[in-house]
Each structure stands twice: as structure tokens, then as C-alpha cells.
file run15.pdb (PDB, C-alpha atoms)
MODEL        1
ATOM      1  CA  MET I   1       8.151  24.979  18.399  1.00  0.00           C
ATOM      2  CA  SER I   2       9.358  26.746  15.284  1.00  0.00           C
ATOM      3  CA  LYS I   3      12.138  28.706  13.654  1.00  0.00           C
ATOM      4  CA  PRO I   4      12.726  31.303  16.434  1.00  0.00           C
ATOM      5  CA  ALA I   5      13.567  28.731  19.148  1.00  0.00           C
ATOM      6  CA  THR I   6      17.343  28.699  18.657  1.00  0.00           C
ATOM      7  CA  LYS I   7      18.776  28.804  22.207  1.00  0.00           C
ATOM      8  CA  ASP I   8      20.932  25.655  21.938  1.00  0.00           C
ATOM      9  CA  LEU I   9      21.871  26.282  18.330  1.00  0.00           C
ATOM     10  CA  LEU I  10      23.003  29.856  19.025  1.00  0.00           C
ATOM     11  CA  ARG I  11      25.117  28.607  21.940  1.00  0.00           C
ATOM     12  CA  PHE I  12      26.717  25.945  19.722  1.00  0.00           C
ATOM     13  CA  LEU I  13      27.396  28.485  16.951  1.00  0.00           C
ATOM     14  CA  LYS I  14      29.046  30.991  19.298  1.00  0.00           C
ATOM     15  CA  PRO I  15      32.672  29.808  18.696  1.00  0.00           C
ATOM     16  CA  PHE I  16      32.398  30.313  14.922  1.00  0.00           C
ATOM     17  CA  PRO I  17      33.216  33.501  12.968  1.00  0.00           C
ATOM     18  CA  LYS I  18      30.376  35.952  12.417  1.00  0.00           C
ATOM     19  CA  ASP I  19      30.112  35.278   8.652  1.00  0.00           C
ATOM     20  CA  VAL I  20      29.853  31.521   9.239  1.00  0.00           C
ATOM     21  CA  ILE I  21      27.099  32.039  11.823  1.00  0.00           C
ATOM     22  CA  GLU I  22      25.197  34.333   9.459  1.00  0.00           C
ATOM     23  CA  THR I  23      25.457  31.812   6.612  1.00  0.00           C
ATOM     24  CA  ALA I  24      24.319  28.915   8.807  1.00  0.00           C
ATOM     25  CA  LEU I  25      21.364  30.874  10.195  1.00  0.00           C
ATOM     26  CA  TRP I  26      20.346  32.115   6.739  1.00  0.00           C
ATOM     27  CA  LEU I  27      20.338  28.520   5.437  1.00  0.00           C
ATOM     28  CA  ARG I  28      18.378  27.437   8.512  1.00  0.00           C
ATOM     29  CA  GLY I  29      15.731  30.074   7.818  1.00  0.00           C
ATOM     30  CA  PHE I  30      15.575  28.993   4.178  1.00  0.00           C
ATOM     31  CA  VAL I  31      14.696  25.421   5.187  1.00  0.00           C
ATOM     32  CA  TRP I  32      12.338  26.348   8.047  1.00  0.00           C
ATOM     33  CA  ASP I  33      10.371  28.657   5.757  1.00  0.00           C
ATOM     34  CA  LEU I  34       9.847  25.793   3.307  1.00  0.00           C
ATOM     35  CA  TYR I  35       9.322  22.945   5.811  1.00  0.00           C
ATOM     36  CA  PRO I  36       7.842  24.331   9.064  1.00  0.00           C
ATOM     37  CA  GLN I  37       6.175  20.956   9.637  1.00  0.00           C
ATOM     38  CA  ALA I  38       9.564  19.192   9.822  1.00  0.00           C
ATOM     39  CA  ASN I  39      11.612  18.719  12.977  1.00  0.00           C
ATOM     40  CA  GLU I  40      15.051  20.214  13.434  1.00  0.00           C
ATOM     41  CA  LEU I  41      17.594  17.801  14.911  1.00  0.00           C
ATOM     42  CA  ILE I  42      20.756  19.404  16.328  1.00  0.00           C
ATOM     43  CA  TYR I  43      24.032  17.548  16.770  1.00  0.00           C
ATOM     44  CA  ASP I  44      26.893  19.367  18.478  1.00  0.00           C
ATOM     45  CA  ASN I  45      29.666  16.930  17.576  1.00  0.00           C
ATOM     46  CA  TYR I  46      33.388  17.142  18.230  1.00  0.00           C
ATOM     47  CA  ASN I  47      34.327  17.829  14.584  1.00  0.00           C
ATOM     48  CA  ALA I  48      31.239  19.687  13.331  1.00  0.00           C
ATOM     49  CA  LEU I  49      28.010  21.294  14.353  1.00  0.00           C
ATOM     50  CA  ALA I  50      25.229  19.740  12.316  1.00  0.00           C
ATOM     51  CA  PHE I  51      21.519  20.387  12.244  1.00  0.00           C
ATOM     52  CA  GLY I  52      19.017  18.839   9.931  1.00  0.00           C
ATOM     53  CA  TRP I  53      15.337  18.358   9.252  1.00  0.00           C
ATOM     54  CA  SER I  54      13.316  15.190   9.519  1.00  0.00           C
ATOM     55  CA  PRO I  55       9.646  14.220   9.603  1.00  0.00           C
ATOM     56  CA  THR I  56      10.500  12.229  12.782  1.00  0.00           C
ATOM     57  CA  ASP I  57      13.095  12.516  15.533  1.00  0.00           C
ATOM     58  CA  ARG I  58      15.414  10.019  13.824  1.00  0.00           C
ATOM     59  CA  VAL I  59      18.604  10.822  11.961  1.00  0.00           C
ATOM     60  CA  GLY I  60      17.828   8.094   9.411  1.00  0.00           C
ATOM     61  CA  HIS I  61      14.851  10.165   8.259  1.00  0.00           C
ATOM     62  CA  VAL I  62      16.768  13.455   7.865  1.00  0.00           C
ATOM     63  CA  PHE I  63      16.173  14.886   4.402  1.00  0.00           C
ATOM     64  CA  CYS I  64      18.580  17.831   4.542  1.00  0.00           C
ATOM     65  CA  ASN I  65      21.126  19.273   6.901  1.00  0.00           C
ATOM     66  CA  ILE I  66      23.608  22.037   7.505  1.00  0.00           C
ATOM     67  CA  ALA I  67      27.055  21.170   8.834  1.00  0.00           C
ATOM     68  CA  VAL I  68      29.703  23.610  10.018  1.00  0.00           C
ATOM     69  CA  GLY I  69      33.229  22.276  10.350  1.00  0.00           C
ATOM     70  CA  ARG I  70      34.914  23.023  13.668  1.00  0.00           C
ATOM     71  CA  SER I  71      38.385  23.599  12.206  1.00  0.00           C
ATOM     72  CA  SER I  72      37.658  24.400   8.541  1.00  0.00           C
ATOM     73  CA  HIS I  73      34.577  26.554   9.214  1.00  0.00           C
ATOM     74  CA  ASN I  74      33.206  25.201   5.936  1.00  0.00           C
ATOM     75  CA  VAL I  75      29.427  25.302   5.699  1.00  0.00           C
ATOM     76  CA  HIS I  76      27.807  22.355   3.948  1.00  0.00           C
ATOM     77  CA  PHE I  77      24.201  22.269   2.831  1.00  0.00           C
ATOM     78  CA  GLY I  78      23.636  18.569   2.474  1.00  0.00           C
ATOM     79  CA  PHE I  79      21.215  15.773   1.863  1.00  0.00           C
ATOM     80  CA  TYR I  80      21.441  12.754   4.154  1.00  0.00           C
ATOM     81  CA  TRP I  81      20.171  10.501   1.337  1.00  0.00           C
ATOM     82  CA  GLY I  82      21.667  12.653  -1.421  1.00  0.00           C
ATOM     83  CA  SER I  83      22.887   9.671  -3.436  1.00  0.00           C
ATOM     84  CA  GLU I  84      19.210   8.868  -4.067  1.00  0.00           C
ATOM     85  CA  LEU I  85      18.404  12.310  -5.506  1.00  0.00           C
ATOM     86  CA  SER I  86      18.256  13.018  -9.227  1.00  0.00           C
ATOM     87  CA  ASP I  87      20.589  16.077  -9.184  1.00  0.00           C
ATOM     88  CA  PRO I  88      20.326  16.673 -12.966  1.00  0.00           C
ATOM     89  CA  ASN I  89      22.809  19.590 -12.842  1.00  0.00           C
ATOM     90  CA  LYS I  90      25.329  17.441 -10.931  1.00  0.00           C
ATOM     91  CA  ILE I  91      26.109  20.116  -8.342  1.00  0.00           C
ATOM     92  CA  LEU I  92      26.154  17.822  -5.316  1.00  0.00           C
ATOM     93  CA  ILE I  93      29.543  16.774  -3.980  1.00  0.00           C
ATOM     94  CA  GLY I  94      30.259  13.371  -2.492  1.00  0.00           C
ATOM     95  CA  GLU I  95      31.203   9.885  -3.565  1.00  0.00           C
ATOM     96  CA  GLY I  96      30.000   7.924  -0.524  1.00  0.00           C
ATOM     97  CA  ASN I  97      27.010   5.618  -0.292  1.00  0.00           C
ATOM     98  CA  GLN I  98      24.518   8.277   0.765  1.00  0.00           C
ATOM     99  CA  TYR I  99      25.502  11.837   1.828  1.00  0.00           C
ATOM    100  CA  ARG I 100      25.756  14.599  -0.797  1.00  0.00           C
ATOM    101  CA  TYR I 101      26.239  18.334  -0.251  1.00  0.00           C
ATOM    102  CA  ILE I 102      27.193  21.692  -1.651  1.00  0.00           C
ATOM    103  CA  LEU I 103      29.763  23.975  -0.076  1.00  0.00           C
ATOM    104  CA  VAL I 104      28.172  27.330   0.749  1.00  0.00           C
ATOM    105  CA  LYS I 105      30.665  30.184   0.717  1.00  0.00           C
ATOM    106  CA  ASP I 106      28.323  32.970  -0.373  1.00  0.00           C
ATOM    107  CA  ILE I 107      24.555  32.952   0.245  1.00  0.00           C
ATOM    108  CA  ASN I 108      24.117  35.291  -2.726  1.00  0.00           C
ATOM    109  CA  LYS I 109      25.319  32.459  -4.975  1.00  0.00           C
ATOM    110  CA  PHE I 110      23.224  29.780  -3.242  1.00  0.00           C
ATOM    111  CA  PRO I 111      21.109  28.082  -5.968  1.00  0.00           C
ATOM    112  CA  LYS I 112      17.740  28.534  -4.235  1.00  0.00           C
ATOM    113  CA  VAL I 113      15.468  27.409  -7.066  1.00  0.00           C
ATOM    114  CA  TYR I 114      17.498  24.276  -7.787  1.00  0.00           C
ATOM    115  CA  ILE I 115      17.875  23.409  -4.096  1.00  0.00           C
ATOM    116  CA  LYS I 116      14.111  23.810  -3.574  1.00  0.00           C
ATOM    117  CA  LYS I 117      13.559  21.106  -6.212  1.00  0.00           C
ATOM    118  CA  LEU I 118      16.093  18.824  -4.533  1.00  0.00           C
ATOM    119  CA  LEU I 119      14.513  19.518  -1.131  1.00  0.00           C
ATOM    120  CA  LYS I 120      11.087  18.528  -2.421  1.00  0.00           C
ATOM    121  CA  GLU I 121      12.485  15.259  -3.755  1.00  0.00           C
ATOM    122  CA  ALA I 122      14.507  14.656  -0.569  1.00  0.00           C
ATOM    123  CA  TYR I 123      11.485  15.295   1.682  1.00  0.00           C
ATOM    124  CA  THR I 124       9.321  12.874  -0.281  1.00  0.00           C
ATOM    125  CA  ASN I 125      12.129  10.312  -0.177  1.00  0.00           C
ATOM    126  CA  SER I 126      12.478  10.789   3.572  1.00  0.00           C
ATOM    127  CA  LEU I 127       8.759  10.276   4.194  1.00  0.00           C
ATOM    128  CA  GLY I 128       9.010   7.031   2.248  1.00  0.00           C
ATOM    129  CA  LYS I 129      11.649   5.780   4.697  1.00  0.00           C
ATOM    130  CA  VAL I 130       9.311   6.210   7.676  1.00  0.00           C
ATOM    131  CA  LYS I 131       7.827   2.734   8.145  1.00  0.00           C
ATOM    132  CA  ASP I 132       5.920   3.539  11.346  1.00  0.00           C
ATOM    133  CA  LYS I 133       3.847   6.637  10.572  1.00  0.00           C
ATOM    134  CA  THR I 134       3.174   7.183  14.306  1.00  0.00           C
ATOM    135  CA  GLN I 135       6.817   8.406  14.513  1.00  0.00           C
ATOM    136  CA  ILE I 136       5.952  11.496  12.467  1.00  0.00           C
ATOM    137  CA  MET I 137       6.140  14.664  14.550  1.00  0.00           C
ATOM    138  CA  LYS I 138       5.598  18.280  13.567  1.00  0.00           C
ATOM    139  CA  GLY I 139       7.753  21.374  14.047  1.00  0.00           C
ATOM    140  CA  GLU I 140       9.916  20.315  16.999  1.00  0.00           C
ATOM    141  CA  ILE I 141      13.494  21.387  17.669  1.00  0.00           C
ATOM    142  CA  ILE I 142      15.423  18.557  19.285  1.00  0.00           C
ATOM    143  CA  THR I 143      19.009  18.700  20.530  1.00  0.00           C
ATOM    144  CA  LYS I 144      20.187  15.146  19.921  1.00  0.00           C
ATOM    145  CA  SER I 145      23.797  15.317  21.114  1.00  0.00           C
ATOM    146  CA  VAL I 146      26.223  17.682  22.759  1.00  0.00           C
ATOM    147  CA  SER I 147      29.949  17.101  22.796  1.00  0.00           C
ATOM    148  CA  PRO I 148      30.952  18.473  26.230  1.00  0.00           C
ATOM    149  CA  VAL I 149      34.311  16.677  26.315  1.00  0.00           C
ATOM    150  CA  LYS I 150      35.570  18.449  23.209  1.00  0.00           C
ATOM    151  CA  ARG I 151      34.177  21.792  24.397  1.00  0.00           C
ATOM    152  CA  ALA I 152      35.869  21.406  27.791  1.00  0.00           C
ATOM    153  CA  ALA I 153      39.185  20.523  26.130  1.00  0.00           C
ATOM    154  CA  LYS I 154      39.021  23.575  23.832  1.00  0.00           C
ATOM    155  CA  LYS I 155      38.264  25.878  26.772  1.00  0.00           C
ATOM    156  CA  ALA I 156      41.223  24.460  28.716  1.00  0.00           C
ATOM    157  CA  LEU I 157      43.539  25.021  25.745  1.00  0.00           C
ATOM    158  CA  LYS I 158      42.394  28.625  25.344  1.00  0.00           C
ATOM    159  CA  LYS I 159      42.992  29.337  29.038  1.00  0.00           C
ATOM    160  CA  LYS I 160      46.567  27.999  28.819  1.00  0.00           C
ATOM    161  CA  LYS I 161      47.404  30.348  25.909  1.00  0.00           C
TER     162      LYS I 161
ENDMDL
END
call {"tool": "encode", "arguments": {"input": "run15.pdb", "output": "C-alpha cells"}}
result
Amino acid sequence: MSKPATKDLLRFLKPFPKDVIETALWLRGFVWDLYPQANELIYDNYNALAFGWSPTDRVGHVFCNIAVGRSSHNVHFGFYWGSELSDPNKILIGEGNQYRYILVKDINKFPKVYIKKLLKEAYTNSLGKVKDKTQIMKGEIITKSVSPVKRAAKKALKKKK
């Protein structure tokens, strides 16, 4: 599979505003064009839609991801192991033990060249975390979780209004 296979992702993005969908899909294309050998893992969670890229099918190997907040509609371009990246320009946000991200409000201001350098470092770092090399897969799109309870609750609320 490859970039065009977006059936689940498009369904999960449907509740978001058009500009948020366009930003998320543009970022997705940016990563797929650079890492077509990686696997896209999709998580439709109750508080955010997240999709990321990994050399395996495991979240612990994800090197970058895009997250869209359900209520804020903020779009994050993040690095699962971002705390391990050099980030010389100090643009990544986050104080936790591992995740770092940038808030993407305008794709025209997205720092492509800088992010490409961070992606290269993140991908190499991710490959180093894969202990069993037989887990490496190529170019798959895998829906890892769907939050039907939250979706059903939101639909019920909308019908009552």
C-alpha cells in the first residue's frame, strides 16, 4: 500500500473543518513522499486523531506523527522520540520524557528543510529501537485503533440538538 490508500483516514477526518483536513493531508503527503518505505499507523482516539510512521507496526517505533485535536482542532507535527533529537533551533515544543512537536497553523510557514533534517535523525533513531529486524515492514497503512464509543456519543449528542 502507499499514500493514496486513505479510506479509514478520510472517514476519521470527516468531522474536522476543511482547513484542518487540508493541513493534515498536506503533512501526510510530505512524510509519505520522503518515507514511502515506512508504515502509516492510524489511531482514531477519543481526544485526537493521530497517524504516524514507523518501520514496523509498533507505536514504540514511530518516528513522526500528525495529531489533530478533537476539540481544539490543533494540528501537531510531532516526533514520538522527540526528546532524543538534536533540535538545534529549539523549535520543538514539549517538556515530557519523549514526545516533541510543532503546532502547524499554516503550511506555508511549515519549516520543511529543518523538519526534513529532524525526520532523518528521527527515522535513524527509530530503526535503532527495532531489536528484532524481522518486524520491519514496508509501506503498509494500518488502522491500529478506532474509538467507536466516543463517535457514537457525539452522534447521539448532535441528534438531540
call {"tool": "resolve_selection", "arguments": {"input": "run15.pdb", "expression": "the PyMOL selection byres ((chain I and resi 92-101) around 6)", "output": "MDAnalysis selection string"}}
result
chainID I and resid 77:83 90:91 102
call {"tool": "residues_near_point", "arguments": {"input": "run15.pdb", "point": "(9.4, 6.1, 11.5)", "cutoff": "12 Å", "atoms": "only C-alpha atoms", "output": "VMD selection string"}}
result
chain I and resid 54 to 62 126 to 137
call {"tool": "resolve_selection", "arguments": {"input": "run15.pdb", "expression": "the PyMOL selection byres ((chain I and resi 45) around 9)", "output": "VMD selection string"}}
result
chain I and resid 43 to 44 46 to 50 70 145 to 148 150
call {"tool": "write_last_selection", "arguments": {"input": "run15.pdb", "atoms": "C-alpha atoms", "output": "CSV table (one decimal), in the coordinates of the input"}}
result
chain,number,residue,atom,x,y,z
I,43,TYR,CA,24.0,17.5,16.8
I,44,ASP,CA,26.9,19.4,18.5
I,46,TYR,CA,33.4,17.1,18.2
I,47,ASN,CA,34.3,17.8,14.6
I,48,ALA,CA,31.2,19.7,13.3
I,49,LEU,CA,28.0,21.3,14.4
I,50,ALA,CA,25.2,19.7,12.3
I,70,ARG,CA,34.9,23.0,13.7
I,145,SER,CA,23.8,15.3,21.1
I,146,VAL,CA,26.2,17.7,22.8
I,147,SER,CA,29.9,17.1,22.8
I,148,PRO,CA,31.0,18.5,26.2
I,150,LYS,CA,35.6,18.4,23.2
call {"tool": "atom_distance", "arguments": {"input": "run15.pdb", "atom1": "atom CA of Pro15 of chain I", "atom2": "atom CA of Ile141 of chain I"}}
result
21.0 Å
call {"tool": "residues_around", "arguments": {"input": "run15.pdb", "residues": "Ser86 of chain I", "least_positions_apart": "5", "cutoff": "10 Å", "atoms": "all atoms listed in the file", "output": "short mmCIF file (atom, residue, chain, number, x, y, z; two decimals) with C-alpha atoms, in the frame of the given file"}}
result
data_model
loop_
_atom_site.label_atom_id
_atom_site.label_comp_id
_atom_site.auth_asym_id
_atom_site.auth_seq_id
_atom_site.Cartn_x
_atom_site.Cartn_y
_atom_site.Cartn_z
CA LYS I 117 13.56 21.11 -6.21
CA LEU I 118 16.09 18.82 -4.53
CA GLU I 121 12.48 15.26 -3.76
CA ALA I 122 14.51 14.66 -0.57
#
call {"tool": "atom_distance", "arguments": {"input": "run15.pdb", "atom1": "atom CA of Asp87 of chain I", "atom2": "atom CA of Leu119 of chain I"}}
result
10.7 Å
call {"tool": "residues_around", "arguments": {"input": "run15.pdb", "residues": "Tyr35 of chain I", "least_positions_apart": "6", "cutoff": "9 Å", "atoms": "all atoms listed in the file", "output": "ChimeraX atom specification"}}
result
/I:53,123,139
call {"tool": "write_last_selection", "arguments": {"input": "run15.pdb", "atoms": "C-alpha atoms", "output": "CSV table (one decimal), in the coordinates of the input"}}
result
chain,number,residue,atom,x,y,z
I,53,TRP,CA,15.3,18.4,9.3
I,123,TYR,CA,11.5,15.3,1.7
I,139,GLY,CA,7.8,21.4,14.0
call {"tool": "atom_distance", "arguments": {"input": "run15.pdb", "atom1": "atom CA of Lys144 of chain I", "atom2": "atom CA of Ser72 of chain I"}}
result
22.8 Å
call {"tool": "resolve_selection", "arguments": {"input": "run15.pdb", "expression": "the PyMOL selection byres ((chain I and resi 142) around 7)", "output": "list in words"}}
result
Glu40, Leu41, Ile42, Glu140, Ile141, Thr143 and Lys144 of chain I
call {"tool": "closest_residue", "arguments": {"input": "run15.pdb", "among": "I:Pro17, I:Gly52, I:Gly69, I:Pro88", "to": "Ile115 of chain I", "atoms": "only C-alpha atoms"}}
result
I:Pro88
